[in-house]
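Undergrad: Input data-v1.pdb, format and content: PDB, C-alpha atoms.
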ATOM      1  CA  MET W   1     136.890  71.576 146.839
ATOM      2  CA  THR W   2     133.567  70.436 145.427
ATOM      3  CA  SER W   3     132.763  66.940 144.225
ATOM      4  CA  ALA W   4     134.033  68.115 140.817
ATOM      5  CA  THR W   5     137.596  67.279 141.918
ATOM      6  CA  PRO W   6     138.918  65.268 138.960
ATOM      7  CA  LYS W   7     139.365  61.644 139.968
ATOM      8  CA  LEU W   8     142.419  59.594 139.187
ATOM      9  CA  GLU W   9     142.376  57.064 136.392
ATOM     10  CA  TYR W  10     142.145  53.386 137.399
ATOM     11  CA  ARG W  11     143.902  50.689 135.389
ATOM     12  CA  GLU W  12     143.589  46.905 135.418
ATOM     13  CA  LEU W  13     146.513  44.895 136.803
ATOM     14  CA  GLY W  14     147.319  42.021 134.454
ATOM     15  CA  ASN W  15     144.827  39.182 134.908
ATOM     16  CA  THR W  16     144.162  39.872 138.597
ATOM     17  CA  GLY W  17     140.908  41.796 138.174
ATOM     18  CA  LEU W  18     142.346  44.460 140.507
ATOM     19  CA  LYS W  19     141.889  48.060 139.418
ATOM     20  CA  LEU W  20     144.642  50.287 140.768
ATOM     21  CA  SER W  21     144.865  54.061 140.815
ATOM     22  CA  CYS W  22     147.414  55.167 138.199
ATOM     23  CA  VAL W  23     149.318  56.875 141.033
ATOM     24  CA  GLY W  24     150.303  54.478 143.820
ATOM     25  CA  PHE W  25     151.305  55.457 147.362
ATOM     26  CA  GLY W  26     154.850  54.254 148.042
ATOM     27  CA  ALA W  27     155.035  53.953 151.826
ATOM     28  CA  SER W  28     158.793  53.575 152.301
ATOM     29  CA  PRO W  29     159.024  57.228 153.525
ATOM     30  CA  LEU W  30     156.609  56.326 156.350
ATOM     31  CA  GLY W  31     159.487  54.253 157.743
ATOM     32  CA  ASN W  32     161.509  57.476 158.290
ATOM     33  CA  VAL W  33     163.735  56.491 155.358
ATOM     34  CA  PHE W  34     163.867  60.123 154.129
ATOM     35  CA  GLY W  35     163.631  61.976 157.436
ATOM     36  CA  GLY W  36     161.224  61.723 160.331
ATOM     37  CA  VAL W  37     157.441  61.479 159.920
ATOM     38  CA  THR W  38     155.003  61.731 162.807
ATOM     39  CA  GLY W  39     152.000  59.440 163.122
ATOM     40  CA  GLU W  40     149.722  62.442 162.513
ATOM     41  CA  GLU W  41     151.564  63.366 159.306
ATOM     42  CA  ALA W  42     151.422  59.788 158.058
ATOM     43  CA  ASN W  43     147.709  59.453 158.834
ATOM     44  CA  ALA W  44     146.969  62.774 157.122
ATOM     45  CA  ALA W  45     148.950  61.809 154.002
ATOM     46  CA  VAL W  46     147.172  58.441 153.686
ATOM     47  CA  ARG W  47     143.768  60.030 154.355
ATOM     48  CA  GLU W  48     144.349  62.706 151.693
ATOM     49  CA  ALA W  49     145.634  60.096 149.227
ATOM     50  CA  PHE W  50     142.494  58.010 149.687
ATOM     51  CA  ARG W  51     140.249  61.096 149.443
ATOM     52  CA  LEU W  52     141.859  62.059 146.129
ATOM     53  CA  GLY W  53     141.386  58.599 144.663
ATOM     54  CA  ILE W  54     144.614  56.717 145.442
ATOM     55  CA  ASN W  55     143.597  53.152 146.325
ATOM     56  CA  PHE W  56     146.988  51.414 146.109
ATOM     57  CA  PHE W  57     149.474  51.376 149.008
ATOM     58  CA  ASP W  58     152.856  49.609 148.843
ATOM     59  CA  THR W  59     155.202  48.774 151.707
ATOM     60  CA  SER W  60     157.772  46.207 152.883
ATOM     61  CA  PRO W  61     159.161  44.922 156.193
ATOM     62  CA  TYR W  62     162.523  46.219 154.939
ATOM     63  CA  TYR W  63     161.428  49.879 154.907
ATOM     64  CA  GLY W  64     162.524  51.477 158.143
ATOM     65  CA  GLY W  65     163.057  48.064 159.712
ATOM     66  CA  THR W  66     159.304  47.204 159.851
ATOM     67  CA  LEU W  67     158.312  50.785 160.780
ATOM     68  CA  SER W  68     156.695  51.538 157.394
ATOM     69  CA  GLU W  69     154.322  48.563 157.735
ATOM     70  CA  LYS W  70     153.298  49.569 161.272
ATOM     71  CA  VAL W  71     152.715  53.222 160.367
ATOM     72  CA  LEU W  72     150.806  52.336 157.192
ATOM     73  CA  GLY W  73     148.714  49.812 159.127
ATOM     74  CA  ASN W  74     147.743  52.447 161.672
ATOM     75  CA  ALA W  75     146.940  54.985 158.943
ATOM     76  CA  LEU W  76     144.746  52.567 156.986
ATOM     77  CA  LYS W  77     142.922  51.553 160.151
ATOM     78  CA  ALA W  78     142.322  55.230 160.956
ATOM     79  CA  LEU W  79     140.630  55.659 157.556
ATOM     80  CA  GLY W  80     137.765  53.520 158.811
ATOM     81  CA  VAL W  81     136.693  52.433 155.313
ATOM     82  CA  PRO W  82     135.785  48.920 154.112
ATOM     83  CA  ARG W  83     138.818  46.716 153.417
ATOM     84  CA  ASN W  84     137.829  46.137 149.788
ATOM     85  CA  GLU W  85     138.175  49.855 149.024
ATOM     86  CA  TYR W  86     141.974  49.828 149.055
ATOM     87  CA  VAL W  87     144.740  47.571 147.749
ATOM     88  CA  VAL W  88     147.783  46.790 149.905
ATOM     89  CA  ALA W  89     151.051  45.290 148.713
ATOM     90  CA  THR W  90     153.915  44.196 150.931
ATOM     91  CA  LYS W  91     157.052  42.136 150.412
ATOM     92  CA  CYS W  92     159.105  39.334 151.903
ATOM     93  CA  GLY W  93     162.680  38.069 151.717
ATOM     94  CA  ARG W  94     164.519  41.315 152.506
ATOM     95  CA  TYR W  95     164.918  42.595 156.068
ATOM     96  CA  LYS W  96     166.761  45.488 157.682
ATOM     97  CA  GLU W  97     168.367  43.437 160.450
ATOM     98  CA  GLU W  98     168.852  40.016 158.880
ATOM     99  CA  GLY W  99     169.440  40.899 155.222
ATOM    100  CA  PHE W 100     168.129  38.549 152.539
ATOM    101  CA  ASN W 101     166.398  35.260 153.265
ATOM    102  CA  PHE W 102     164.296  33.723 150.514
ATOM    103  CA  SER W 103     163.788  30.342 152.209
ATOM    104  CA  ALA W 104     160.276  28.895 152.254
ATOM    105  CA  ASP W 105     160.282  28.945 156.063
ATOM    106  CA  ARG W 106     161.268  32.620 156.299
ATOM    107  CA  VAL W 107     158.810  33.963 153.740
ATOM    108  CA  THR W 108     156.006  31.913 155.312
ATOM    109  CA  ARG W 109     156.710  33.471 158.720
ATOM    110  CA  SER W 110     157.208  36.865 157.079
ATOM    111  CA  ILE W 111     153.635  37.228 155.850
ATOM    112  CA  ASP W 112     152.216  36.505 159.327
ATOM    113  CA  GLU W 113     154.513  39.167 160.816
ATOM    114  CA  SER W 114     153.489  41.650 158.111
ATOM    115  CA  LEU W 115     149.773  41.018 158.578
ATOM    116  CA  GLU W 116     150.141  41.647 162.304
ATOM    117  CA  ARG W 117     151.973  44.931 161.739
ATOM    118  CA  LEU W 118     149.518  46.034 159.040
ATOM    119  CA  GLN W 119     146.544  44.943 161.217
ATOM    120  CA  LEU W 120     145.081  43.134 158.201
ATOM    121  CA  GLU W 121     143.749  39.638 157.584
ATOM    122  CA  TYR W 122     145.263  39.541 154.095
ATOM    123  CA  VAL W 123     147.284  41.640 151.671
ATOM    124  CA  ASP W 124     146.329  41.985 148.024
ATOM    125  CA  ILE W 125     149.853  41.482 146.684
ATOM    126  CA  LEU W 126     152.858  39.790 148.280
ATOM    127  CA  TYR W 127     156.142  40.283 146.442
ATOM    128  CA  CYS W 128     159.457  38.548 146.855
ATOM    129  CA  HIS W 129     161.693  41.589 147.445
ATOM    130  CA  ASP W 130     164.793  42.318 145.301
ATOM    131  CA  ILE W 131     165.352  38.775 144.100
ATOM    132  CA  GLU W 132     168.650  39.586 142.364
ATOM    133  CA  PHE W 133     170.291  39.382 145.808
ATOM    134  CA  GLY W 134     169.442  35.691 146.109
ATOM    135  CA  SER W 135     169.761  32.577 144.008
ATOM    136  CA  LEU W 136     167.253  32.886 141.173
ATOM    137  CA  ASP W 137     167.005  29.104 141.084
ATOM    138  CA  GLN W 138     166.001  29.112 144.760
ATOM    139  CA  ILE W 139     163.367  31.754 143.923
ATOM    140  CA  VAL W 140     161.996  29.472 141.184
ATOM    141  CA  LYS W 141     162.122  26.163 143.062
ATOM    142  CA  GLU W 142     161.517  27.149 146.683
ATOM    143  CA  THR W 143     160.313  30.721 147.204
ATOM    144  CA  ILE W 144     157.574  30.954 144.575
ATOM    145  CA  PRO W 145     156.016  27.587 145.579
ATOM    146  CA  ALA W 146     155.987  28.897 149.182
ATOM    147  CA  LEU W 147     154.295  32.123 148.038
ATOM    148  CA  GLN W 148     151.707  30.044 146.184
ATOM    149  CA  LYS W 149     150.881  28.205 149.414
ATOM    150  CA  ILE W 150     150.490  31.561 151.191
ATOM    151  CA  LYS W 151     148.087  32.572 148.411
ATOM    152  CA  GLU W 152     146.135  29.315 148.762
ATOM    153  CA  ALA W 153     145.879  29.980 152.512
ATOM    154  CA  GLY W 154     144.185  33.323 151.749
ATOM    155  CA  LYS W 155     146.893  35.489 153.314
ATOM    156  CA  THR W 156     147.576  37.194 149.994
ATOM    157  CA  ARG W 157     145.375  37.416 146.923
ATOM    158  CA  PHE W 158     148.218  37.683 144.398
ATOM    159  CA  ILE W 159     151.985  37.165 144.273
ATOM    160  CA  GLY W 160     154.885  38.785 142.464
ATOM    161  CA  ILE W 161     158.594  39.569 142.342
ATOM    162  CA  THR W 162     160.603  42.785 142.462
ATOM    163  CA  GLY W 163     164.140  43.833 141.594
ATOM    164  CA  LEU W 164     166.276  46.170 139.494
ATOM    165  CA  PRO W 165     167.879  44.131 136.651
ATOM    166  CA  LEU W 166     165.257  43.352 134.028
ATOM    167  CA  HIS W 167     166.733  39.961 133.100
ATOM    168  CA  ILE W 168     165.564  38.536 136.444
ATOM    169  CA  TYR W 169     161.949  38.655 135.238
ATOM    170  CA  THR W 170     162.527  36.659 132.074
ATOM    171  CA  TYR W 171     164.810  34.228 133.931
ATOM    172  CA  VAL W 172     162.148  33.423 136.522
ATOM    173  CA  LEU W 173     159.069  33.556 134.288
ATOM    174  CA  ASP W 174     160.688  31.208 131.761
ATOM    175  CA  ARG W 175     161.171  28.626 134.532
ATOM    176  CA  VAL W 176     157.882  28.641 136.446
ATOM    177  CA  PRO W 177     154.558  27.167 135.240
ATOM    178  CA  PRO W 178     152.317  29.656 133.366
ATOM    179  CA  GLY W 179     150.176  31.683 135.756
ATOM    180  CA  SER W 180     152.557  31.175 138.701
ATOM    181  CA  LEU W 181     153.142  34.910 139.134
ATOM    182  CA  ASP W 182     150.552  37.673 138.908
ATOM    183  CA  VAL W 183     152.624  40.860 138.921
ATOM    184  CA  ILE W 184     156.114  42.331 138.769
ATOM    185  CA  LEU W 185     157.290  45.538 140.387
ATOM    186  CA  SER W 186     160.097  47.194 138.431
ATOM    187  CA  TYR W 187     161.831  50.391 139.503
ATOM    188  CA  CYS W 188     164.040  53.003 137.802
ATOM    189  CA  HIS W 189     163.469  51.451 134.357
ATOM    190  CA  TYR W 190     160.603  53.576 133.151
ATOM    191  CA  CYS W 191     161.759  57.130 133.731
ATOM    192  CA  ILE W 192     162.748  59.908 131.328
ATOM    193  CA  ASN W 193     166.389  58.767 131.602
ATOM    194  CA  ASP W 194     165.739  55.017 131.290
ATOM    195  CA  SER W 195     162.812  53.446 129.440
ATOM    196  CA  THR W 196     164.177  49.897 129.063
ATOM    197  CA  LEU W 197     161.176  48.382 130.871
ATOM    198  CA  GLU W 198     159.249  49.102 127.663
ATOM    199  CA  ASP W 199     161.297  46.440 125.852
ATOM    200  CA  ILE W 200     159.906  43.575 127.954
ATOM    201  CA  ILE W 201     156.254  44.696 128.133
ATOM    202  CA  PRO W 202     155.154  42.379 125.269
ATOM    203  CA  TYR W 203     156.911  39.467 126.998
ATOM    204  CA  LEU W 204     155.291  40.231 130.381
ATOM    205  CA  LYS W 205     151.861  40.565 128.769
ATOM    206  CA  SER W 206     152.356  37.224 127.006
ATOM    207  CA  LYS W 207     152.923  35.705 130.464
ATOM    208  CA  GLY W 208     149.763  37.354 131.828
ATOM    209  CA  VAL W 209     151.758  39.386 134.335
ATOM    210  CA  GLY W 210     150.686  42.851 135.516
ATOM    211  CA  ILE W 211     153.257  45.660 135.712
ATOM    212  CA  VAL W 212     153.797  48.153 138.528
ATOM    213  CA  ASN W 213     156.394  50.835 137.825
ATOM    214  CA  ALA W 214     158.149  52.374 140.824
ATOM    215  CA  SER W 215     160.472  55.327 141.253
ATOM    216  CA  PRO W 216     159.503  57.563 138.304
ATOM    217  CA  LEU W 217     161.987  60.115 139.688
ATOM    218  CA  ALA W 218     164.818  57.539 139.421
ATOM    219  CA  MET W 219     165.390  57.539 143.213
ATOM    220  CA  GLY W 220     165.846  61.304 143.261
ATOM    221  CA  LEU W 221     167.886  61.792 140.079
ATOM    222  CA  LEU W 222     164.981  63.629 138.445
ATOM    223  CA  THR W 223     164.423  66.181 141.203
ATOM    224  CA  GLU W 224     165.642  69.725 141.837
ATOM    225  CA  SER W 225     167.340  68.727 145.078
ATOM    226  CA  GLY W 226     169.079  65.795 143.405
ATOM    227  CA  PRO W 227     169.681  62.214 144.558
ATOM    228  CA  PRO W 228     170.764  61.136 148.060
ATOM    229  CA  GLU W 229     174.469  60.654 148.785
ATOM    230  CA  TRP W 230     174.237  56.882 148.500
ATOM    231  CA  HIS W 231     172.671  56.876 145.020
ATOM    232  CA  PRO W 232     174.490  54.229 142.920
ATOM    233  CA  ALA W 233     174.322  56.101 139.595
ATOM    234  CA  SER W 234     177.534  57.103 137.806
ATOM    235  CA  SER W 235     178.752  60.690 138.160
ATOM    236  CA  GLU W 236     178.029  61.133 134.426
ATOM    237  CA  LEU W 237     174.389  60.138 134.897
ATOM    238  CA  LYS W 238     174.044  62.289 138.012
ATOM    239  CA  SER W 239     175.427  65.392 136.314
ATOM    240  CA  ALA W 240     173.230  64.928 133.216
ATOM    241  CA  CYS W 241     170.135  64.670 135.407
ATOM    242  CA  GLN W 242     171.271  67.719 137.370
ATOM    243  CA  ALA W 243     171.626  69.655 134.112
ATOM    244  CA  ALA W 244     168.099  68.599 133.103
ATOM    245  CA  ALA W 245     166.704  69.671 136.483
ATOM    246  CA  THR W 246     168.479  73.042 136.217
ATOM    247  CA  TYR W 247     167.089  73.556 132.708
ATOM    248  CA  CYS W 248     163.544  72.933 133.983
ATOM    249  CA  LYS W 249     164.001  75.253 136.940
ATOM    250  CA  GLU W 250     165.262  78.062 134.716
ATOM    251  CA  LYS W 251     162.161  77.653 132.547
ATOM    252  CA  GLY W 252     159.905  77.750 135.617
ATOM    253  CA  LYS W 253     159.041  74.059 135.252
ATOM    254  CA  SER W 254     159.296  71.126 137.670
ATOM    255  CA  ILE W 255     161.397  68.192 136.518
ATOM    256  CA  ALA W 256     159.727  65.990 139.131
ATOM    257  CA  LYS W 257     156.267  66.730 137.716
ATOM    258  CA  LEU W 258     157.486  66.157 134.156
ATOM    259  CA  ALA W 259     159.080  62.849 135.192
ATOM    260  CA  MET W 260     155.928  61.705 136.962
ATOM    261  CA  GLN W 261     153.807  62.561 133.915
ATOM    262  CA  TYR W 262     156.233  60.815 131.552
ATOM    263  CA  SER W 263     155.830  57.586 133.525
ATOM    264  CA  LEU W 264     152.044  57.957 133.705
ATOM    265  CA  LEU W 265     151.750  58.349 129.924
ATOM    266  CA  ASN W 266     152.402  54.655 129.340
ATOM    267  CA  LYS W 267     149.104  52.893 130.068
ATOM    268  CA  GLU W 268     150.797  49.470 130.041
ATOM    269  CA  MET W 269     152.083  50.341 133.518
ATOM    270  CA  THR W 270     149.109  49.797 135.791
ATOM    271  CA  SER W 271     150.325  52.089 138.550
ATOM    272  CA  VAL W 272     153.257  54.436 139.050
ATOM    273  CA  LEU W 273     154.483  54.080 142.627
ATOM    274  CA  VAL W 274     156.011  57.157 144.181
ATOM    275  CA  GLY W 275     157.157  57.583 147.762
ATOM    276  CA  MET W 276     155.045  59.996 149.802
ATOM    277  CA  LYS W 277     154.965  61.125 153.398
ATOM    278  CA  SER W 278     153.040  64.410 153.441
ATOM    279  CA  VAL W 279     149.723  65.874 152.312
ATOM    280  CA  LYS W 280     151.674  68.279 150.078
ATOM    281  CA  GLN W 281     153.480  65.442 148.252
ATOM    282  CA  VAL W 282     150.205  63.573 147.790
ATOM    283  CA  GLU W 283     148.527  66.667 146.344
ATOM    284  CA  GLU W 284     151.439  67.352 143.969
ATOM    285  CA  ASN W 285     151.476  63.804 142.613
ATOM    286  CA  VAL W 286     147.719  63.629 142.135
ATOM    287  CA  ALA W 287     147.741  67.085 140.510
ATOM    288  CA  ALA W 288     150.430  65.899 138.068
ATOM    289  CA  ALA W 289     148.182  62.988 137.055
ATOM    290  CA  THR W 290     144.930  64.930 136.769
ATOM    291  CA  GLU W 291     146.646  67.748 134.856
ATOM    292  CA  LEU W 292     148.161  65.194 132.470
ATOM    293  CA  ALA W 293     144.718  63.688 131.853
ATOM    294  CA  ALA W 294     143.203  67.122 131.235
ATOM    295  CA  SER W 295     145.855  68.832 129.113
ATOM    296  CA  GLY W 296     148.629  66.373 128.237
ATOM    297  CA  ILE W 297     152.367  66.601 128.850
ATOM    298  CA  ASP W 298     154.559  69.639 128.142
ATOM    299  CA  GLU W 299     156.021  68.260 124.898
ATOM    300  CA  ALA W 300     158.507  71.117 124.365
ATOM    301  CA  THR W 301     160.104  70.816 127.803
ATOM    302  CA  LEU W 302     160.109  67.017 127.583
ATOM    303  CA  ALA W 303     161.940  67.178 124.229
ATOM    304  CA  GLU W 304     164.610  69.477 125.710
ATOM    305  CA  VAL W 305     165.061  67.256 128.774
ATOM    306  CA  GLU W 306     165.315  64.142 126.606
ATOM    307  CA  ALA W 307     167.973  65.871 124.507
ATOM    308  CA  ILE W 308     170.008  66.722 127.633
ATOM    309  CA  LEU W 309     169.722  63.118 128.866
ATOM    310  CA  LYS W 310     170.388  61.480 125.495
ATOM    311  CA  PRO W 311     174.106  60.759 126.174
ATOM    312  CA  VAL W 312     173.179  58.763 129.312
ATOM    313  CA  LYS W 313     169.859  57.304 128.094
ATOM    314  CA  ASN W 314     169.181  53.829 129.516
ATOM    315  CA  GLN W 315     172.358  53.866 131.621
ATOM    316  CA  SER W 316     171.699  51.891 134.819
ATOM    317  CA  TRP W 317     173.847  50.549 137.661
ATOM    318  CA  PRO W 318     174.613  47.058 138.979
ATOM    319  CA  SER W 319     172.395  45.548 141.660
ATOM    320  CA  GLY W 320     172.536  42.210 143.432
ATOM    321  CA  ILE W 321     174.693  39.160 142.957
ATOM    322  CA  GLN W 322     175.856  39.280 139.335
ATOM    323  CA  GLN W 323     174.445  35.986 138.081
ATOM    324  CA  SER W 324     175.276  34.523 134.716
TER     325      SER W 324
END
Output the file's structure as C-alpha cells, nothing else.
TA:
Amino acid sequence: MTSATPKLEYRELGNTGLKLSCVGFGASPLGNVFGGVTGEEANAAVREAFRLGINFFDTSPYYGGTLSEKVLGNALKALGVPRNEYVVATKCGRYKEEGFNFSADRVTRSIDESLERLQLEYVDILYCHDIEFGSLDQIVKETIPALQKIKEAGKTRFIGITGLPLHIYTYVLDRVPPGSLDVILSYCHYCINDSTLEDIIPYLKSKGVGIVNASPLAMGLLTESGPPEWHPASSELKSACQAAATYCKEKGKSIAKLAMQYSLLNKEMTSVLVGMKSVKQVEENVAAATELAASGIDEATLAEVEAILKPVKNQSWPSGIQQS
C-alpha cells in the first residue's frame, strides 16, 4: 500500500483534549477470552492497528485475569513509538479472581498493578469497571474521590465509569461535583438493535463528559456466527438478530460491517470500541470505517435490517445489582 491509504477519522473526547481514532482497539480478546492468541499474533494485530491509524487501546485487569493487560503492554512496547502517540485506557474494580471491589484501597492498588503489567508510567483513561455491580453511593462517595487522587498523582490523565444500564450514568453524574468525571464507556446501547444511548447524549454533553461506545456488534448478536452461548439476550432478540444476519448473508452483505458502520455514523460517539485479536480483524474494521467515510452506508440493506429488528428494538437485558 502507498501512503495514499485513507487514514481514520479522529474525534475529540469530551473536554479532555484527547483525539481518538473513530475505531478503537478493544483488547479483551488478547486475554484469550475468545480463543487463544499467541504473543506474535497480538503484536502483529496491535502493530497493524497503529499503522492504519488506530491510536486508542482499551483493556482491563478483568479481561483474561490480567492477561489482556500484559499482552497489550508487550505489544505496545514492541511498537517502539513515543508514548504520546497512543491512548491507553484500563479499568479498576472488577477482577477475575476476586470479583468486584470498588473500595478506595483496592482501586488505588489496582492502578499500580495495571501500570506494571502495561509497562507504562501512566494510562490516559482509568475507568471504574461495571459499576452497576456495586453500590452506586459507594462509587459516588468513595471510588470517584479515590480515582481523582490517582489522577492528581499523575497515574492517569482522565477518569470515567463503565456499565450496561444507562441510568447508572445519570445517577452518578447528578451526585458528583461538575467536572468530576471525564468520560463514560457504554456498551451494547448504540447498535442497530439498540440505540438508547442516543437519548442521554444531550445530558452527557451538558456534563462535559466524553462518550466511548463499545460492542457495536452487541456482543456477537450482529454477526454471522451469532452470539456466544452465555449471551444474556432473550431468545426473541437472538432469533431476530439471526434473521437479520441471514438476510445480509443472502444478499452478499456482512451484518458485522453494517453494524460497525451504523455505530460509526454517530459523531457524538468519540470512538467505537471493537474487540480485535488478529491482523485480519483490524483490517476489516478499519476498512469498514474508511469505506463509510468514502461512500456512506448501504441505506437499503440497513433499512431492511432495521425492519427485521423492529419488534425487538431497544430490548436489553438486566445487569448488576438491581438498584432502585
Undergrad: Report as a list in words the full result of the PyMOL selection byres ((chain W and resi 33) around 12) when it is applied to this structure.
TA: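 Those residues are Gly26, Ala27, Ser28, Pro29, Leu30, Gly31, Asn32, Phe34, Gly35, Gly36, Val37, Tyr62, Tyr63, Gly64, Gly65, Thr66, Leu67, Ser68, Lys96, Pro228, Gly275, Met276 and Lys277 of chain W.
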Undergrad: In the coordinates of the file, take the point (146.4, 50.3, 139.7) and a cut-off of 7 Å; then, counting only C-alpha atoms, name each qualifying protein, DNA or RNA residue as JSON, numbers by chain.
TA: {"W": [10, 11, 12, 13, 19, 20, 21, 22, 56, 270, 271]}
Undergrad: Name the closest residue to Glu291 (chain W) among the candidates W:Ile184, W:Val107, W:Cys241, W:Leu8; distances are taken between atoms, counting only C-alpha atoms.
TA: W:Leu8
Undergrad: Residue by residue, what does the PyMOL selection byres ((chain W and resi 264) around 12) grab here? Present the result as a PyMOL selection string.
TA: chain W and resi 8-11+21-24+190-192+212-217+257-263+265-274+285-286+288-293+296-297
Undergrad: Can you pull out the residues contacting Val279 (chain W)? Cut-off 7 Å, using all atoms listed in the file, and skip same-chain residues under 3 positions away; I want them as a PyMOL selection string.
TA: chain W and resi 44-45+48+282-283
Undergrad: Could you expand the PyMOL selection byres ((chain W and resi 161) around 6) into the explicit residues it covers here, written as a PDB file with C-alpha atoms, in the coordinates of the input?
TA:
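Wrote it out as selection-v5.pdb, contents follow:
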ATOM      1  CA  TYR W 127     156.142  40.283 146.442  1.00  0.00           C
ATOM      2  CA  CYS W 128     159.457  38.548 146.855  1.00  0.00           C
ATOM      3  CA  GLY W 160     154.885  38.785 142.464  1.00  0.00           C
ATOM      4  CA  THR W 162     160.603  42.785 142.462  1.00  0.00           C
ATOM      5  CA  ILE W 184     156.114  42.331 138.769  1.00  0.00           C
TER       6      ILE W 184
END
Undergrad: Between W:Ser180, W:Gln281, W:Asn74, W:Thr90, which is the closest to Glu40 (chain W) once you count only C-alpha atoms?
TA: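 Using only C-alpha atoms, Glu40 (chain W) sits closest to W:Asn74.
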Undergrad: Could you work out how far CA of Asp194 (chain W) lies from CA of Glu69 (chain W), giving the answer in Å with one decimal?
TA: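 CA of Asp194 (chain W) lies 29.5 Å from CA of Glu69 (chain W).
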Undergrad: Would you mind reading off the distance between CA of Gly163 (chain W) and CA of Tyr86 (chain W), one decimal, in Å?
TA: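 Computing it gives 24.1 Å between the two atoms.
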Undergrad: Kindly indicate which residue among W:Gly210, W:Pro178, W:Pro145, W:Gly99 lies nearest to Asn15 (chain W), using only C-alpha atoms for the distances.
TA: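 Selected residue with least distance to Asn15 (chain W): W:Gly210.
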